[in-house]
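First the structure, in the form of structure tokens, and then the observations on it.
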Amino acid sequence: MSKSMKRVSRALADAGIEVEIVELGTARTAQEAAEGVGCHLDQIAKSIIFAGETSGEALLFLTAGGNMVDQAKASALAGEPLCKADAALIRAQTGFAIGGVAPLGHLNPIRAWTDPKLLTFERIWAAAGTPHHVFALNPVDLLRISGSQQADFVQYSRLM
């Protein structure tokens, strides 16, 4: 078991949540993860990381697999303009590589927000610290263990 996956497993256990970490061929994208576990795309909790342009901190937005983050809404929540976070910042803040960022078990505290769409499901799936591993949990538990706040930060299609 990788160091990253051990951190996720330990953080889940410390939170009193027993889960099975599932190995997939690859789960670098929400679509790959959904196909791998046989769930709806929106049951995948994507960990989207932005960098605060003022603070330089990484900020986490947990969104349903089919949704995209609206950068203007996310910036308003963060209280500062946001830009794309690079791999070095993501690794330094979370300890995870892009494609395997878990919603918990980060090396350093991170401010986080959760897409309300995730709370419409009884069970969701998230990265377990590697691009090849995921775990399922109740979305209410995700809010609790990630320290995130439920907020509207997604981009809506004009077709909706």
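By convention here, the chains of the structure tokens are called A, B, ... in the order presented, each chain's residues are numbered starting at 1, and ligands are numbered starting at 1 in the order presented.
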
List every residue of segment 34-81 of chain A that has an atom at most 12 Å from any atom of segment 133-137 of chain A, and for each one report the closest atom pair and its distance in Å to one decimal, counting only C-alpha atoms, with rows sorted by chain and then by increasing residue number, as a Markdown table.
```
| residue | atom | partner | partner_atom | distance |
| --- | --- | --- | --- | --- |
| A:Ala34 | CA | A:Val134 | CA | 10.1 |
| A:Gly36 | CA | A:Val134 | CA | 9.6 |
| A:Val37 | CA | A:Val134 | CA | 8.7 |
| A:Gly38 | CA | A:Ala136 | CA | 11.8 |
| A:Cys39 | CA | A:Ala136 | CA | 10.5 |
| A:Gln43 | CA | A:Ala136 | CA | 9.3 |
| A:Ile44 | CA | A:Ala136 | CA | 9.1 |
| A:Ala45 | CA | A:Ala136 | CA | 9.7 |
| A:Lys46 | CA | A:Val134 | CA | 11.1 |
```

May I have the residues from that selection written out with all heavy atoms, as an mmCIF file, in the first residue's frame?
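Below is the file that was written, out_13.cif:
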```cif
data_model
loop_
_atom_site.group_PDB
_atom_site.id
_atom_site.type_symbol
_atom_site.label_atom_id
_atom_site.label_comp_id
_atom_site.auth_asym_id
_atom_site.auth_seq_id
_atom_site.Cartn_x
_atom_site.Cartn_y
_atom_site.Cartn_z
ATOM 1 N N ALA A 34 -16.194 6.020 -12.585
ATOM 2 C CA ALA A 34 -17.606 5.610 -12.618
ATOM 3 C C ALA A 34 -17.764 4.286 -13.361
ATOM 4 O O ALA A 34 -18.486 3.386 -12.906
ATOM 5 C CB ALA A 34 -18.457 6.697 -13.259
ATOM 6 N N GLY A 36 -15.477 2.045 -13.733
ATOM 7 C CA GLY A 36 -14.777 1.013 -12.971
ATOM 8 C C GLY A 36 -15.577 0.450 -11.809
ATOM 9 O O GLY A 36 -15.485 -0.736 -11.502
ATOM 10 N N VAL A 37 -16.363 1.310 -11.147
ATOM 11 C CA VAL A 37 -17.148 0.843 -9.994
ATOM 12 C C VAL A 37 -18.610 0.617 -10.337
ATOM 13 O O VAL A 37 -19.373 0.118 -9.511
ATOM 14 C CB VAL A 37 -17.033 1.790 -8.773
ATOM 15 C CG1 VAL A 37 -15.596 1.856 -8.288
ATOM 16 C CG2 VAL A 37 -17.580 3.170 -9.076
ATOM 17 N N GLY A 38 -19.020 1.005 -11.547
ATOM 18 C CA GLY A 38 -20.392 0.779 -11.979
ATOM 19 C C GLY A 38 -21.406 1.710 -11.340
ATOM 20 O O GLY A 38 -22.488 1.283 -10.947
ATOM 21 N N CYS A 39 -21.055 2.989 -11.252
ATOM 22 C CA CYS A 39 -21.989 3.961 -10.668
ATOM 23 C C CYS A 39 -22.253 5.083 -11.668
ATOM 24 O O CYS A 39 -21.618 5.164 -12.717
ATOM 25 C CB CYS A 39 -21.439 4.525 -9.358
ATOM 26 S SG CYS A 39 -20.052 5.669 -9.534
ATOM 27 N N GLN A 43 -21.865 10.360 -9.094
ATOM 28 C CA GLN A 43 -21.535 9.760 -7.794
ATOM 29 C C GLN A 43 -20.036 9.755 -7.530
ATOM 30 O O GLN A 43 -19.596 9.327 -6.467
ATOM 31 C CB GLN A 43 -22.072 8.327 -7.715
ATOM 32 C CG GLN A 43 -23.569 8.264 -7.515
ATOM 33 C CD GLN A 43 -24.047 6.834 -7.462
ATOM 34 O OE1 GLN A 43 -24.413 6.253 -8.472
ATOM 35 N NE2 GLN A 43 -24.025 6.264 -6.261
ATOM 36 N N ILE A 44 -19.273 10.258 -8.461
ATOM 37 C CA ILE A 44 -17.830 10.382 -8.277
ATOM 38 C C ILE A 44 -17.541 11.781 -7.735
ATOM 39 O O ILE A 44 -17.932 12.783 -8.329
ATOM 40 C CB ILE A 44 -17.068 10.180 -9.607
ATOM 41 C CG1 ILE A 44 -17.362 8.803 -10.192
ATOM 42 C CG2 ILE A 44 -15.572 10.413 -9.413
ATOM 43 C CD1 ILE A 44 -16.947 7.631 -9.324
ATOM 44 N N ALA A 45 -16.885 11.846 -6.599
ATOM 45 C CA ALA A 45 -16.494 13.126 -5.994
ATOM 46 C C ALA A 45 -15.128 13.511 -6.558
ATOM 47 O O ALA A 45 -14.109 12.940 -6.172
ATOM 48 C CB ALA A 45 -16.440 13.015 -4.478
ATOM 49 N N LYS A 46 -15.135 14.459 -7.491
ATOM 50 C CA LYS A 46 -13.877 14.934 -8.072
ATOM 51 C C LYS A 46 -13.236 15.929 -7.114
ATOM 52 O O LYS A 46 -13.907 16.806 -6.581
ATOM 53 C CB LYS A 46 -14.116 15.640 -9.406
ATOM 54 C CG LYS A 46 -14.654 14.780 -10.493
ATOM 55 C CD LYS A 46 -14.659 15.481 -11.850
ATOM 56 C CE LYS A 46 -15.491 16.732 -11.885
ATOM 57 N NZ LYS A 46 -15.673 17.272 -13.263
#
```

May I have all residues of segment 72-127 of chain A that DSSP, computed from the backbone, assigns to strand (DSSP E), given as a VMD selection string? chain A and resid 82 to 84 111 to 114 124 to 127

Would you write out those residues with N, CA and C atoms, as a PDB file, in the first residue's frame?
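File selection.pdb, as written:
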```pdb
ATOM      1  N   LEU A  82      -8.774  33.052  -8.323  1.00  0.00           N
ATOM      2  CA  LEU A  82      -8.174  31.720  -8.375  1.00  0.00           C
ATOM      3  C   LEU A  82      -7.538  31.477  -9.724  1.00  0.00           C
ATOM      4  N   CYS A  83      -6.515  30.668  -9.724  1.00  0.00           N
ATOM      5  CA  CYS A  83      -5.875  30.233 -10.956  1.00  0.00           C
ATOM      6  C   CYS A  83      -5.620  28.735 -10.852  1.00  0.00           C
ATOM      7  N   LYS A  84      -5.189  28.158 -11.952  1.00  0.00           N
ATOM      8  CA  LYS A  84      -4.904  26.725 -11.976  1.00  0.00           C
ATOM      9  C   LYS A  84      -3.747  26.418 -11.021  1.00  0.00           C
ATOM     10  N   ARG A 111      -8.586  24.526   2.791  1.00  0.00           N
ATOM     11  CA  ARG A 111      -9.982  24.988   2.765  1.00  0.00           C
ATOM     12  C   ARG A 111     -10.697  24.258   1.650  1.00  0.00           C
ATOM     13  N   ALA A 112     -11.932  23.814   1.942  1.00  0.00           N
ATOM     14  CA  ALA A 112     -12.640  22.973   0.976  1.00  0.00           C
ATOM     15  C   ALA A 112     -14.128  23.280   0.941  1.00  0.00           C
ATOM     16  N   TRP A 113     -14.714  23.066  -0.242  1.00  0.00           N
ATOM     17  CA  TRP A 113     -16.147  23.234  -0.465  1.00  0.00           C
ATOM     18  C   TRP A 113     -16.666  22.015  -1.209  1.00  0.00           C
ATOM     19  N   THR A 114     -17.938  21.658  -0.955  1.00  0.00           N
ATOM     20  CA  THR A 114     -18.553  20.477  -1.570  1.00  0.00           C
ATOM     21  C   THR A 114     -19.774  20.879  -2.388  1.00  0.00           C
ATOM     22  N   ILE A 124     -21.331   7.779  -2.526  1.00  0.00           N
ATOM     23  CA  ILE A 124     -20.475   8.375  -3.546  1.00  0.00           C
ATOM     24  C   ILE A 124     -19.099   7.731  -3.462  1.00  0.00           C
ATOM     25  N   TRP A 125     -18.295   7.980  -4.476  1.00  0.00           N
ATOM     26  CA  TRP A 125     -16.947   7.410  -4.555  1.00  0.00           C
ATOM     27  C   TRP A 125     -15.934   8.531  -4.669  1.00  0.00           C
ATOM     28  N   ALA A 126     -14.787   8.360  -4.036  1.00  0.00           N
ATOM     29  CA  ALA A 126     -13.716   9.360  -4.078  1.00  0.00           C
ATOM     30  C   ALA A 126     -12.369   8.670  -4.246  1.00  0.00           C
ATOM     31  N   ALA A 127     -11.391   9.447  -4.708  1.00  0.00           N
ATOM     32  CA  ALA A 127     -10.028   8.930  -4.863  1.00  0.00           C
ATOM     33  C   ALA A 127      -9.458   8.575  -3.500  1.00  0.00           C
TER      34      ALA A 127
END
```

From a DSSP calculation on the backbone, collect every residue of segment 9-117 of chain A in helix (DSSP H, G or I) and output the set as a PyMOL selection string. chain A and resi 9-14+30-37+41-43+71-78+87-94+116-117

From the list A:Ile49, A:Leu24, A:Ile110, A:Leu60, which residue is nearest Ala88 of chain A when using only C-alpha atoms?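 The shortest atom-to-atom distance to Ala88 of chain A comes from A:Ile49.
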
For Glu23 of chain A, which residue among A:Met1, A:Leu59, A:Ala85, A:Val8 is the nearest when counting only C-alpha atoms?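 When distances to Glu23 of chain A are compared using only C-alpha atoms, the smallest one comes from A:Met1.
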
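The coordinates place atom CA of Ala58 of chain A at 15.1 Å from atom CA of Ala76 of chain A.
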
Which segment 47-107 of chain A residues have any atom within 8 Å of an atom of segment 115-120 of chain A, and for each, what is the nearest pair of atoms with distance in Å to one decimal, counting only C-alpha atoms, rows sorted by chain and number, as a tab-separated table?
```
residue	atom	partner	partner_atom	distance
A:Phe61	CA	A:Asp115	CA	7.6
A:Leu62	CA	A:Asp115	CA	6.0
A:Thr63	CA	A:Asp115	CA	4.8
A:Ala64	CA	A:Leu118	CA	5.5
```

From the list A:Val154, A:Leu104, A:Ile98, A:Leu77, the nearest residue to Asp141 of chain A using only C-alpha atoms is A:Leu104

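Nearest-residue note for Glu57 of chain A: choosing from A:Pro109, A:Gly100, A:Gly95, A:Gly147, the minimum distance belongs to A:Pro109, counting only C-alpha atoms.
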